[in-house]
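*Asks:* One structure follows; several queries about it will come next.
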Amino acid sequence: MSRSRSILDQHRSSLACWMFVAAVLAGAAIGREASFAIYLVSFVYYGLYWYAFAWGVDSFRVFKRDALLLKALSVVALAFVYLQAPPDFLSLGVIALGILLNARAASVLGIDRTYYGHELAGLAARRITEFPYSLMSHPMIVGNVMAFGGTLLNPEFRAAWWPLATIHVVLNLGLLAMEQAGPRRRPAIRLAGLLVLAATAATATVAAADDTVSSRLSQEIS
């Protein structure tokens, strides 16, 4: 019994995230409303980051695995709608630079430290001086903002999906604020994160509903 409870404790945040994702995808499949699925699954991993940073984790391995998979799901959702727009080379160039900056920063930092290994797994503090940390303090956040913001340079994508990319940019700035606050300010992070995620859920739901209504009107007109 105690072993089963220990396993459940280690996976509770994981179960909550994946149950939410499954419910969203099932609802979207039944109602044939892809916009809701795109918006809602895109931001789950931010909630996981916030929960782990604000409350800690029982298993760093489980957290790291879920963070990787949920972020991959988010990127796939964004890529799915972005690639439906005609290519814009300026947009693609900025996205590529953002991805390269992020990838370089992650390779220098290491996978464990990338996913809050110092804060969550007790890894020793370490000063990184290799590029791009020789130029800036938070290159991964900068890379993310460049990549997500770069999608908005594509006019057709921007016209249809600007809330999706904008929310990504805002939430990355929120992650930066969370990291700057540090684990010592967890009570404030818990409250602020809860408010931000509630606002994100509401905004994403409204944006998805507007997109659905617009799509139906376009179909009726055609």
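Simple scheme: letters A, B, ... for chains in structure tokens order, numbers from 1 for residues in each chain, numbers from 1 for ligands in the order shown.
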May I have the residues within 12 Å of Val142 (chain A) as a PyMOL selection string, using only C-alpha atoms and disregarding those fewer than 4 positions away in the same chain?
*Replies:* chain A and resi 94-95+97-105+132-133+135-138+146-150+169-170+172-173+175-176
*Asks:* As a ChimeraX atom specification, which residues of region 8-153 of chain A does DSSP assign to alpha helix (DSSP H)?
*Replies:* /A:8-31,34-42,44-55,60-82,89-109,111-114,117-121,139-151
*Asks:* Give me the residues within 12 Å of Gly122 (chain A) as a VMD selection string, counting only C-alpha atoms and dropping any in the same chain fewer than 2 places off.
*Replies:* chain A and resid 56 to 57 60 112 to 113 115 to 120 124 to 126 183
*Asks:* Using only C-alpha atoms for the distances, tell me which of A:Ala198, A:Met140, A:Ala34, A:Leu109 is nearest to Ile128 (chain A).
*Replies:*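 Nearest to Ile128 (chain A): A:Leu109.
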*Asks:* Please report the interatomic distance between CA of Ala165 (chain A) and CA of Val145 (chain A) in Å with one decimal.
*Replies:*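 We find that CA of Ala165 (chain A) and CA of Val145 (chain A) lie 9.3 Å from each other.
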*Asks:* Measuring between only C-alpha atoms, which one of A:Ala181, A:Leu40, A:Val108, A:Asp66 shows the shortest distance to Thr129 (chain A)?
*Replies:*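 For Thr129 (chain A), the nearest of the given residues is A:Val108.
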*Asks:* To one decimal in Å, tell me the separation between CA of Arg186 (chain A) and CA of Phe43 (chain A).
*Replies:*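 So the two atoms, CA of Arg186 (chain A) and CA of Phe43 (chain A), lie 20.9 Å apart.
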*Asks:* Measure the distance from CA of Met19 (chain A) to CA of Ala192 (chain A) in Å and round it to one decimal.
*Replies:*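 The value is 23.9 Å.
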*Asks:* Quick one: of A:Tyr39, A:Trp55, A:Tyr49, A:Phe157, who's nearest to Leu68 (chain A), counting only C-alpha atoms?
*Replies:*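 Selected residue with least distance to Leu68 (chain A): A:Tyr49.
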*Asks:* Nearest residue to Phe36 (chain A) out of A:Leu197, A:Leu164, A:Arg185, A:Leu123, using only C-alpha atoms?
*Replies:*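 Among the listed residues, the smallest separation from Phe36 (chain A) belongs to A:Leu164.
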